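Visitor: If it helps, the file is called coords25.cif and holds mmCIF, C-alpha atoms:
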data_run
loop_
_atom_site.label_atom_id
_atom_site.label_comp_id
_atom_site.auth_asym_id
_atom_site.auth_seq_id
_atom_site.Cartn_x
_atom_site.Cartn_y
_atom_site.Cartn_z
CA MET N 1 -16.81 18.71 -2.79
CA ILE N 2 -14.19 16.00 -3.09
CA LYS N 3 -10.61 17.05 -3.88
CA VAL N 4 -8.43 14.52 -5.68
CA LEU N 5 -4.69 14.08 -5.14
CA ASN N 6 -2.84 12.39 -8.01
CA ILE N 7 0.14 10.31 -6.93
CA ARG N 8 2.69 8.52 -9.13
CA THR N 9 4.42 5.66 -7.33
CA SER N 10 7.72 4.23 -8.56
CA LYS N 11 8.10 0.87 -6.78
CA ARG N 12 5.96 -2.17 -5.98
CA CYS N 13 5.82 -1.16 -2.30
CA GLU N 14 6.30 2.46 -1.34
CA PHE N 15 5.24 4.85 1.41
CA VAL N 16 4.69 8.36 0.02
CA ASP N 17 4.48 11.25 2.50
CA ILE N 18 1.37 13.26 1.53
CA THR N 19 1.17 15.44 4.67
CA HIS N 20 1.99 18.67 2.80
CA LEU N 21 -0.62 17.89 0.11
CA VAL N 22 -3.36 17.33 2.69
CA ARG N 23 -2.31 20.50 4.55
CA GLN N 24 -2.50 22.50 1.30
CA VAL N 25 -6.04 21.31 0.51
CA VAL N 26 -7.18 22.16 4.05
CA ASP N 27 -5.49 25.58 3.85
CA GLU N 28 -7.16 26.37 0.51
CA SER N 29 -10.58 25.30 1.81
CA GLY N 30 -10.53 28.07 4.41
CA VAL N 31 -12.29 25.75 6.86
CA GLN N 32 -11.39 26.69 10.44
CA THR N 33 -12.75 23.69 12.34
CA GLY N 34 -13.89 20.29 11.15
CA VAL N 35 -12.64 16.95 9.86
CA CYS N 36 -10.77 16.03 6.67
CA PHE N 37 -11.71 12.52 5.49
CA ILE N 38 -9.17 10.64 3.38
CA HIS N 39 -10.34 7.77 1.16
CA VAL N 40 -8.07 5.72 -1.10
CA PRO N 41 -10.26 4.39 -3.95
CA HIS N 42 -7.95 1.42 -4.63
CA THR N 43 -7.95 -2.15 -3.31
CA THR N 44 -4.17 -2.68 -3.25
CA ALA N 45 -3.13 0.51 -1.46
CA GLY N 46 -3.77 2.23 1.87
CA VAL N 47 -3.12 5.28 4.01
CA ILE N 48 -1.47 5.49 7.42
CA ILE N 49 -0.51 8.10 10.00
CA ASN N 50 2.91 7.46 11.55
CA GLU N 51 6.38 8.91 12.02
CA ASN N 52 7.84 10.94 9.16
CA ALA N 53 10.96 12.22 10.97
CA ASP N 54 13.07 9.06 10.60
CA PRO N 55 12.48 7.45 7.16
CA ASP N 56 13.56 4.09 8.66
CA VAL N 57 10.24 3.82 10.51
CA VAL N 58 8.17 3.24 7.35
CA LYS N 59 10.91 0.92 6.05
CA ASP N 60 10.40 -1.22 9.16
CA ILE N 61 6.61 -1.11 8.73
CA ASP N 62 7.03 -2.22 5.09
CA SER N 63 9.42 -4.98 6.11
CA VAL N 64 7.12 -6.47 8.77
CA LEU N 65 4.10 -6.30 6.43
CA ARG N 66 6.13 -8.30 3.84
CA LYS N 67 6.90 -10.95 6.45
CA LEU N 68 3.30 -11.19 7.66
CA VAL N 69 1.87 -11.30 4.12
CA PRO N 70 4.39 -12.83 1.67
CA GLU N 71 4.19 -11.78 -1.99
CA TYR N 72 4.22 -15.40 -3.14
CA GLY N 73 1.91 -17.80 -1.36
CA ASN N 74 -0.87 -20.30 -1.84
CA TYR N 75 -3.33 -17.63 -3.08
CA LYS N 76 -6.54 -18.23 -5.06
CA HIS N 77 -6.73 -14.80 -6.72
CA LEU N 78 -4.69 -15.21 -9.92
CA GLU N 79 -3.44 -11.67 -10.55
CA GLY N 80 -0.34 -12.11 -8.37
CA ASN N 81 -1.25 -9.27 -6.00
CA SER N 82 -3.21 -10.99 -3.24
CA ASP N 83 -0.59 -9.82 -0.75
CA ALA N 84 -1.33 -6.22 -1.74
CA HIS N 85 -5.09 -6.65 -1.16
CA ILE N 86 -4.44 -8.13 2.29
CA LYS N 87 -1.96 -5.39 3.28
CA SER N 88 -4.57 -2.81 2.21
CA ILE N 89 -6.98 -4.36 4.74
CA LEU N 90 -4.39 -4.51 7.54
CA VAL N 91 -3.43 -0.83 7.24
CA ASN N 92 -6.83 0.36 5.92
CA PRO N 93 -7.59 2.54 2.89
CA GLN N 94 -9.05 5.37 4.97
CA THR N 95 -8.25 7.78 7.71
CA PHE N 96 -9.31 11.21 8.95
CA ILE N 97 -7.55 14.33 10.20
CA LEU N 98 -9.00 16.80 12.68
CA ILE N 99 -8.94 20.50 11.71
CA GLU N 100 -8.62 23.26 14.34
CA ASP N 101 -7.84 26.97 13.84
CA GLY N 102 -7.61 26.30 10.10
CA GLU N 103 -4.79 23.76 10.56
CA ILE N 104 -4.60 19.98 10.40
CA VAL N 105 -4.04 18.47 13.85
CA LEU N 106 -1.20 15.96 14.01
CA GLY N 107 1.14 14.90 16.81
CA THR N 108 4.76 16.10 16.78
CA TRP N 109 6.03 13.00 14.96
CA GLN N 110 2.97 12.21 12.85
CA GLY N 111 2.81 12.40 9.09
CA ILE N 112 0.31 11.01 6.57
CA PHE N 113 1.56 8.37 4.14
CA PHE N 114 -0.03 6.92 1.02
CA CYS N 115 0.88 3.20 1.01
CA GLU N 116 1.51 1.59 -2.37
CA PHE N 117 1.46 -2.21 -2.28
CA ASP N 118 1.16 -3.05 -6.00
CA GLY N 119 3.00 -0.34 -7.91
CA PRO N 120 4.36 1.39 -9.73
CA ARG N 121 1.03 2.98 -10.67
CA ASN N 122 -0.85 6.25 -11.03
CA ARG N 123 -3.02 6.51 -7.92
CA LYS N 124 -5.68 8.82 -6.53
CA VAL N 125 -6.48 9.93 -2.99
CA TYR N 126 -9.87 11.52 -2.25
CA LEU N 127 -10.14 14.25 0.38
CA LYS N 128 -13.41 15.57 1.75
CA ILE N 129 -13.67 18.29 4.36
CA VAL N 130 -16.69 18.52 6.65
CA GLU N 131 -17.04 21.65 8.81
CA GLY N 132 -18.20 21.27 12.36
CA MET T 1 -30.81 8.92 12.92
CA ILE T 2 -29.05 5.56 12.89
CA LYS T 3 -30.22 2.99 10.34
CA VAL T 4 -29.71 -0.67 11.22
CA LEU T 5 -28.85 -3.43 8.75
CA ASN T 6 -29.70 -6.95 9.91
CA ILE T 7 -27.37 -9.64 8.58
CA ARG T 8 -27.63 -13.40 9.01
CA THR T 9 -24.31 -15.16 8.59
CA SER T 10 -24.06 -18.88 7.84
CA LYS T 11 -20.45 -19.86 8.60
CA ARG T 12 -17.87 -19.24 11.32
CA CYS T 13 -15.89 -16.95 9.01
CA GLU T 14 -17.68 -15.21 6.18
CA PHE T 15 -17.36 -12.00 4.15
CA VAL T 16 -20.82 -10.64 3.22
CA ASP T 17 -21.01 -7.99 0.50
CA ILE T 18 -23.22 -5.19 1.88
CA THR T 19 -22.44 -2.54 -0.77
CA HIS T 20 -25.99 -2.57 -2.18
CA LEU T 21 -27.50 -2.25 1.29
CA VAL T 22 -25.36 0.78 2.13
CA ARG T 23 -26.15 2.32 -1.28
CA GLN T 24 -29.88 1.85 -0.66
CA VAL T 25 -29.78 3.57 2.74
CA VAL T 26 -27.85 6.51 1.25
CA ASP T 27 -30.28 6.72 -1.69
CA GLU T 28 -33.31 6.74 0.62
CA SER T 29 -31.76 9.43 2.82
CA GLY T 30 -31.80 11.91 -0.05
CA VAL T 31 -28.48 13.32 1.17
CA GLN T 32 -26.48 14.77 -1.74
CA THR T 33 -23.11 15.35 -0.08
CA GLY T 34 -21.66 14.07 3.19
CA VAL T 35 -20.27 10.99 4.88
CA CYS T 36 -21.89 7.65 5.77
CA PHE T 37 -20.36 6.19 8.95
CA ILE T 38 -20.49 2.41 9.39
CA HIS T 39 -20.17 0.93 12.88
CA VAL T 40 -20.32 -2.79 13.66
CA PRO T 41 -21.56 -3.10 17.29
CA HIS T 42 -19.92 -6.52 17.77
CA THR T 43 -16.50 -7.54 19.13
CA THR T 44 -15.94 -10.59 16.90
CA ALA T 45 -16.79 -9.05 13.53
CA GLY T 46 -15.59 -6.21 11.33
CA VAL T 47 -16.12 -4.29 8.11
CA ILE T 48 -13.71 -3.81 5.19
CA ILE T 49 -13.59 -2.11 1.82
CA ASN T 50 -11.88 -4.22 -0.84
CA GLU T 51 -12.40 -5.94 -4.18
CA ASN T 52 -15.81 -7.48 -4.84
CA ALA T 53 -15.25 -8.37 -8.53
CA ASP T 54 -13.26 -11.59 -7.95
CA PRO T 55 -14.65 -13.53 -4.94
CA ASP T 56 -11.23 -15.15 -4.51
CA VAL T 57 -9.84 -11.90 -3.07
CA VAL T 58 -11.82 -12.11 0.17
CA LYS T 59 -11.05 -15.86 0.32
CA ASP T 60 -7.35 -14.97 0.32
CA ILE T 61 -7.89 -12.28 2.97
CA ASP T 62 -9.76 -14.83 5.12
CA SER T 63 -7.02 -17.41 4.59
CA VAL T 64 -4.16 -15.10 5.62
CA LEU T 65 -6.10 -13.87 8.69
CA ARG T 66 -6.54 -17.53 9.76
CA LYS T 67 -2.79 -18.09 9.46
CA LEU T 68 -1.88 -14.90 11.36
CA VAL T 69 -4.44 -15.57 14.12
CA PRO T 70 -5.05 -19.32 14.56
CA GLU T 71 -8.45 -20.44 15.91
CA TYR T 72 -6.81 -22.66 18.51
CA GLY T 73 -3.94 -21.19 20.50
CA ASN T 74 -2.70 -20.47 23.97
CA TYR T 75 -5.51 -17.99 24.70
CA LYS T 76 -6.67 -16.78 28.14
CA HIS T 77 -10.25 -15.86 27.15
CA LEU T 78 -12.20 -19.09 27.65
CA GLU T 79 -15.02 -18.71 25.13
CA GLY T 80 -13.01 -20.21 22.26
CA ASN T 81 -13.28 -17.11 20.09
CA SER T 82 -10.17 -15.09 20.96
CA ASP T 83 -9.07 -15.35 17.33
CA ALA T 84 -12.30 -13.62 16.30
CA HIS T 85 -11.72 -10.71 18.72
CA ILE T 86 -8.19 -10.23 17.40
CA LYS T 87 -9.26 -10.38 13.73
CA SER T 88 -11.90 -7.75 14.53
CA ILE T 89 -9.10 -5.44 15.72
CA LEU T 90 -6.87 -6.13 12.71
CA VAL T 91 -9.59 -5.32 10.14
CA ASN T 92 -11.50 -2.84 12.39
CA PRO T 93 -15.21 -2.71 13.17
CA GLN T 94 -15.71 0.67 11.49
CA THR T 95 -15.35 2.48 8.23
CA PHE T 96 -16.87 5.44 6.39
CA ILE T 97 -18.03 6.13 2.85
CA LEU T 98 -17.97 9.53 1.18
CA ILE T 99 -21.21 10.71 -0.47
CA GLU T 100 -21.17 12.98 -3.54
CA ASP T 101 -24.06 13.85 -5.89
CA GLY T 102 -26.31 11.61 -3.80
CA GLU T 103 -24.12 8.55 -4.47
CA ILE T 104 -21.63 6.59 -2.37
CA VAL T 105 -18.06 7.12 -3.61
CA LEU T 106 -16.10 3.92 -4.14
CA GLY T 107 -13.25 3.01 -6.49
CA THR T 108 -13.95 0.81 -9.52
CA TRP T 109 -13.10 -2.42 -7.71
CA GLN T 110 -14.20 -1.49 -4.21
CA GLY T 111 -17.09 -3.07 -2.33
CA ILE T 112 -18.05 -3.02 1.34
CA PHE T 113 -17.96 -6.33 3.22
CA PHE T 114 -19.28 -7.28 6.64
CA CYS T 115 -16.69 -9.67 8.14
CA GLU T 116 -18.01 -12.48 10.32
CA PHE T 117 -15.33 -14.14 12.45
CA ASP T 118 -17.48 -16.06 14.99
CA GLY T 119 -20.65 -17.10 13.21
CA PRO T 120 -23.10 -18.21 12.25
CA ARG T 121 -25.01 -15.43 14.00
CA ASN T 122 -27.59 -12.69 13.58
CA ARG T 123 -25.60 -9.46 13.29
CA LYS T 124 -26.30 -5.75 13.05
CA VAL T 125 -24.53 -2.97 11.19
CA TYR T 126 -25.21 0.67 12.16
CA LEU T 127 -25.19 3.38 9.49
CA LYS T 128 -25.23 7.08 10.22
CA ILE T 129 -25.21 9.76 7.54
CA VAL T 130 -23.84 13.22 8.26
CA GLU T 131 -24.44 15.94 5.65
CA GLY T 132 -21.66 18.33 4.85
CA MET M 1 -13.23 22.43 19.85
CA ILE M 2 -10.89 19.56 20.61
CA LYS M 3 -11.02 18.03 24.09
CA VAL M 4 -7.85 16.38 25.39
CA LEU M 5 -7.72 13.32 27.61
CA ASN M 6 -4.49 12.89 29.58
CA ILE M 7 -3.51 9.29 30.21
CA ARG M 8 -0.62 7.96 32.31
CA THR M 9 0.41 4.45 31.31
CA SER M 10 2.44 2.21 33.62
CA LYS M 11 3.80 -0.59 31.42
CA ARG M 12 5.47 -0.94 28.02
CA CYS M 13 2.28 -2.48 26.56
CA GLU M 14 -1.05 -1.70 28.17
CA PHE M 15 -4.70 -1.43 27.16
CA VAL M 16 -6.44 1.35 29.13
CA ASP M 17 -10.26 1.41 29.12
CA ILE M 18 -11.27 5.02 28.31
CA THR M 19 -14.97 4.38 27.63
CA HIS M 20 -16.13 6.35 30.68
CA LEU M 21 -13.88 9.30 29.77
CA VAL M 22 -15.27 9.48 26.23
CA ARG M 23 -18.82 9.15 27.58
CA GLN M 24 -18.21 12.03 30.00
CA VAL M 25 -16.93 14.35 27.26
CA VAL M 26 -19.95 13.54 25.08
CA ASP M 27 -22.33 14.06 28.03
CA GLU M 28 -20.78 17.44 28.86
CA SER M 29 -20.96 18.58 25.23
CA GLY M 30 -24.77 18.37 25.28
CA VAL M 31 -24.70 17.11 21.67
CA GLN M 32 -27.73 14.89 20.98
CA THR M 33 -26.78 13.40 17.62
CA GLY M 34 -23.47 13.30 15.78
CA VAL M 35 -20.08 11.63 15.75
CA CYS M 36 -17.21 11.75 18.25
CA PHE M 37 -13.84 11.44 16.50
CA ILE M 38 -10.93 10.02 18.49
CA HIS M 39 -7.36 10.77 17.38
CA VAL M 40 -4.24 9.55 19.18
CA PRO M 41 -1.44 12.06 18.37
CA HIS M 42 1.33 9.48 18.98
CA THR M 43 3.14 7.11 16.63
CA THR M 44 3.64 4.23 19.08
CA ALA M 45 0.11 3.97 20.45
CA GLY M 46 -3.40 3.32 19.15
CA VAL M 47 -7.07 3.05 20.01
CA ILE M 48 -9.42 0.09 19.61
CA ILE M 49 -13.03 -0.83 20.26
CA ASN M 50 -13.44 -4.35 21.65
CA GLU M 51 -14.70 -6.34 24.63
CA ASN M 52 -14.27 -4.79 28.08
CA ALA M 53 -16.30 -7.38 30.04
CA ASP M 54 -13.59 -10.07 30.26
CA PRO M 55 -10.13 -8.48 30.77
CA ASP M 56 -8.56 -11.59 29.22
CA VAL M 57 -9.71 -10.47 25.75
CA VAL M 58 -7.29 -7.53 25.55
CA LYS M 59 -4.57 -9.75 27.08
CA ASP M 60 -5.04 -12.12 24.14
CA ILE M 61 -4.99 -9.22 21.66
CA ASP M 62 -1.76 -7.97 23.26
CA SER M 63 -0.24 -11.45 23.17
CA VAL M 64 -0.98 -12.05 19.47
CA LEU M 65 0.32 -8.57 18.53
CA ARG M 66 3.60 -9.42 20.35
CA LYS M 67 3.90 -12.63 18.35
CA LEU M 68 3.15 -10.95 15.01
CA VAL M 69 5.50 -8.02 15.68
CA PRO M 70 8.38 -9.07 18.00
CA GLU M 71 9.99 -6.39 20.18
CA TYR M 72 13.47 -7.42 19.07
CA GLY M 73 14.01 -7.94 15.36
CA ASN M 74 16.09 -6.90 12.40
CA TYR M 75 14.81 -3.28 12.49
CA LYS M 76 16.43 -0.23 10.86
CA HIS M 77 14.93 2.41 13.20
CA LEU M 78 17.43 2.63 16.06
CA GLU M 79 15.23 3.72 18.97
CA GLY M 80 14.27 0.18 19.92
CA ASN M 81 10.54 0.76 19.43
CA SER M 82 9.92 -0.23 15.81
CA ASP M 83 7.50 -2.91 17.02
CA ALA M 84 5.43 -0.18 18.70
CA HIS M 85 5.22 1.87 15.47
CA ILE M 86 4.07 -1.20 13.53
CA LYS M 87 1.47 -2.21 16.13
CA SER M 88 0.14 1.36 16.01
CA ILE M 89 -0.47 0.88 12.28
CA LEU M 90 -2.10 -2.54 12.69
CA VAL M 91 -4.63 -1.35 15.29
CA ASN M 92 -4.78 2.29 14.05
CA PRO M 93 -4.45 5.50 16.03
CA GLN M 94 -8.00 6.63 15.28
CA THR M 95 -11.60 5.63 15.63
CA PHE M 96 -15.04 7.25 15.89
CA ILE M 97 -18.13 6.76 18.03
CA LEU M 98 -21.68 7.48 16.91
CA ILE M 99 -23.81 9.67 19.19
CA GLU M 100 -27.60 9.23 19.41
CA ASP M 101 -30.03 10.68 21.99
CA GLY M 102 -27.06 12.32 23.70
CA GLU M 103 -25.33 8.97 24.31
CA ILE M 104 -22.37 7.20 22.73
CA VAL M 105 -23.51 4.17 20.72
CA LEU M 106 -21.60 0.97 21.50
CA GLY M 107 -22.57 -2.69 21.29
CA THR M 108 -23.28 -4.62 24.51
CA TRP M 109 -19.72 -5.88 24.87
CA GLN M 110 -17.86 -2.96 23.32
CA GLY M 111 -15.52 -0.62 25.17
CA ILE M 112 -12.93 1.87 23.95
CA PHE M 113 -9.29 1.18 24.82
CA PHE M 114 -6.21 3.36 24.51
CA CYS M 115 -3.38 1.04 23.41
CA GLU M 116 0.09 1.78 24.79
CA PHE M 117 2.88 0.02 22.90
CA ASP M 118 5.94 1.95 24.13
CA GLY M 119 5.24 3.00 27.72
CA PRO M 120 5.23 3.89 30.43
CA ARG M 121 4.50 7.44 29.24
CA ASN M 122 2.20 10.42 29.60
CA ARG M 123 -0.14 10.27 26.62
CA LYS M 124 -2.89 12.38 25.11
CA VAL M 125 -6.09 11.45 23.28
CA TYR M 126 -7.91 14.10 21.21
CA LEU M 127 -11.70 14.04 20.99
CA LYS M 128 -13.72 16.11 18.58
CA ILE M 129 -17.50 16.05 18.37
CA VAL M 130 -19.31 16.95 15.15
CA GLU M 131 -23.08 17.41 15.31
CA GLY M 132 -25.21 16.01 12.52
#
Represent the structure of the file as structure tokens.
Guide:
Amino acid sequence: MIKVLNIRTSKRCEFVDITHLVRQVVDESGVQTGVCFIHVPHTTAGVIINENADPDVVKDIDSVLRKLVPEYGNYKHLEGNSDAHIKSILVNPQTFILIEDGEIVLGTWQGIFFCEFDGPRNRKVYLKIVEG
Amino acid sequence: MIKVLNIRTSKRCEFVDITHLVRQVVDESGVQTGVCFIHVPHTTAGVIINENADPDVVKDIDSVLRKLVPEYGNYKHLEGNSDAHIKSILVNPQTFILIEDGEIVLGTWQGIFFCEFDGPRNRKVYLKIVEG
Amino acid sequence: MIKVLNIRTSKRCEFVDITHLVRQVVDESGVQTGVCFIHVPHTTAGVIINENADPDVVKDIDSVLRKLVPEYGNYKHLEGNSDAHIKSILVNPQTFILIEDGEIVLGTWQGIFFCEFDGPRNRKVYLKIVEG
């Protein structure tokens, strides 16, 4: 069964820490060992795993992505969010988390972030747990 | 069992919508719930999930990738396709699709694209479905 | 059960071929068909699948990543490794390998590389095999 997280973003570009939400879904599933798959069903957003101790890290990631893919450019797509589609591809709209002893397995400094590139919007994140 | 899609590309860089092919393999498998893993066994190609409604979106993705990773540069690899290897890493040669109620789970605007960066060539895409 | 690879890197940026180590873990597991998930529990490292025949390919990948994300820049994070965090996002800290007939499934030219972006360090790579 797929569990859906509902996320409200408040800026055009924003990194939202969803680690605790993913942990809660895994806890409630009761699964002891397996994999939690995370799929973002949007084309102008993504999901990453990186440092959540110092909030400046995701600010730097955001800043470099803006330089690599400028908001205004010679784009063909006329909705004004081509940069957001391209950033979604560079960071990817999917990831997975290993589960062991009923817990999600992350490194000391790792957190899971939903990446908004064309907000503010109401967004969804799909989680699916496979035992194994 | 791994299912193989055979794809013939016609340009050096090309984004081929393979959503219907993945859907067909999942349909034929009869699997109701699980994950479909997609692996591209090439080093100068990739696979992405992004908008397939407006064909200009993948044109913009292609265009920005060309700017970030120029075809001609100060490369060490002498086959003239270093840019294609690097683009393969930036977009990734792998993805997965959730399966629920016997259907692949994609957002409204999402499609699956094979990304050719060093064509034209005959290419393969591997699909593996895991129930769960 | 998660298997841990221990890797010692010797430079700030380094691509370490771990294909044989992943193959060995899959061999020892005795699993005939399934998926091997690879998770790097660090925020300044990653894992990629690309050519391991010509060592110049990963040199070119390294070189373009350095150009896209300079080591010294106008970064907020004060540890001097913001570039490494951003490169980790661009290449991703995760991948998976299909398993068929007891063997990992890779294309002719594909190898698996651990990507160090802030070494030298002692690093870990987590492997988890799911049958199916």
Visitor: Got a sec: who's within 8 Å of region 95-100 of chain N, counting all atoms listed in the file, leaving out chain neighbours fewer than 5 positions off, as a compact mmCIF listing (two decimals) with C-alpha atoms, keeping the file's coordinate frame?
Guide:
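In the end it all went to around.txt:
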# COMPACT_ATOMS: atom_id res chain seq x y z
CA VAL N 31 -12.29 25.75 6.86
CA GLN N 32 -11.39 26.69 10.44
CA THR N 33 -12.75 23.69 12.34
CA GLY N 34 -13.89 20.29 11.15
CA VAL N 35 -12.64 16.95 9.86
CA CYS N 36 -10.77 16.03 6.67
CA PHE N 37 -11.71 12.52 5.49
CA ILE N 38 -9.17 10.64 3.38
CA HIS N 39 -10.34 7.77 1.16
CA VAL N 47 -3.12 5.28 4.01
CA ILE N 48 -1.47 5.49 7.42
CA VAL N 105 -4.04 18.47 13.85
CA LEU N 106 -1.20 15.96 14.01
CA MET M 1 -13.23 22.43 19.85
CA ILE M 2 -10.89 19.56 20.61
CA HIS M 39 -7.36 10.77 17.38
CA GLN M 94 -8.00 6.63 15.28
CA LYS M 128 -13.72 16.11 18.58
Visitor: Output as a ChimeraX atom specification the set of chain T residues within 9 Å of chain M, with distances taken over all atoms listed in the file.
Guide: /T:1-2,37,39-44,68-69,74-78,82-83,85-86,88-95,128-132
Visitor: What does the distance from CA of Arg121 (chain N) to CA of His20 (chain N) come to in Å, to one decimal?
Guide: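 CA of His20 (chain N) lies 20.7 Å from CA of Arg121 (chain N).
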Visitor: Interatomic distance between CA of Val25 (chain N) and CA of Ala53 (chain N)?
Guide: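 Straight-line distance from CA of Val25 (chain N) to CA of Ala53 (chain N) works out to 21.9 Å.
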Visitor: Pick the closest to Phe117 (chain N) from N:Lys3, N:Arg66, N:Arg12, N:Arg23: which is it, counting only C-alpha atoms?
Guide: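 Result for the nearest residue to Phe117 (chain N): N:Arg12.
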Visitor: Box for region 6-14 of chain N: with edges along x, y and z, all listed atoms inside and 8 Å added on each side, what are the centre and edge lengths in Å to one decimal, as AutoDock Vina command-line options?
Guide:
--center_x 2.6 --center_y 5.1 --center_z -5.2 --size_x 26.9 --size_y 30.6 --size_z 23.8
Visitor: May I have the residues within 12 Å of Leu21 (chain N) as a list in words, using only C-alpha atoms and disregarding those fewer than 4 positions away in the same chain?
Guide: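 These residues fall inside the cut-off: Lys3, Val4, Leu5, Asn6, Ile7, Val16, Asp17, Val25, Val26, Asp27, Glu28, Ile38, Ile104, Gly111, Ile112, Phe113, Phe114, Val125, Tyr126 and Leu127 of chain N.
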Visitor: Selected residues, C-alpha atoms, written as a short mmCIF file (atom, residue, chain, number, x, y, z; two decimals), keeping the file's coordinate frame, please.
Guide:
data_model
loop_
_atom_site.label_atom_id
_atom_site.label_comp_id
_atom_site.auth_asym_id
_atom_site.auth_seq_id
_atom_site.Cartn_x
_atom_site.Cartn_y
_atom_site.Cartn_z
CA LYS N 3 -10.61 17.05 -3.88
CA VAL N 4 -8.43 14.52 -5.68
CA LEU N 5 -4.69 14.08 -5.14
CA ASN N 6 -2.84 12.39 -8.01
CA ILE N 7 0.14 10.31 -6.93
CA VAL N 16 4.69 8.36 0.02
CA ASP N 17 4.48 11.25 2.50
CA VAL N 25 -6.04 21.31 0.51
CA VAL N 26 -7.18 22.16 4.05
CA ASP N 27 -5.49 25.58 3.85
CA GLU N 28 -7.16 26.37 0.51
CA ILE N 38 -9.17 10.64 3.38
CA ILE N 104 -4.60 19.98 10.40
CA GLY N 111 2.81 12.40 9.09
CA ILE N 112 0.31 11.01 6.57
CA PHE N 113 1.56 8.37 4.14
CA PHE N 114 -0.03 6.92 1.02
CA VAL N 125 -6.48 9.93 -2.99
CA TYR N 126 -9.87 11.52 -2.25
CA LEU N 127 -10.14 14.25 0.38
#
Visitor: Please report the interatomic distance between CA of Cys115 (chain T) and CA of Cys13 (chain T) in Å with one decimal.
Guide: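 For CA of Cys115 (chain T) relative to CA of Cys13 (chain T), the distance reads 7.4 Å.
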Visitor: Give me, as a list in words, all polymer residues having an atom no more than 7 Å from Thr9 (chain N), counting only C-alpha atoms and skipping those fewer than 3 positions away in the same chain.
Guide: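 Selected residues are Gly119, Pro120, Arg121 and Asn122 of chain N.
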Visitor: Restricting the calculation to all atoms listed in the file, which member of M:Glu71, M:Glu79, M:Glu103, M:Glu116 is positioned closest to Thr19 (chain M)?
Guide: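 Going through M:Glu71, M:Glu79, M:Glu103, M:Glu116 one by one, the smallest distance to Thr19 (chain M) is for M:Glu103.
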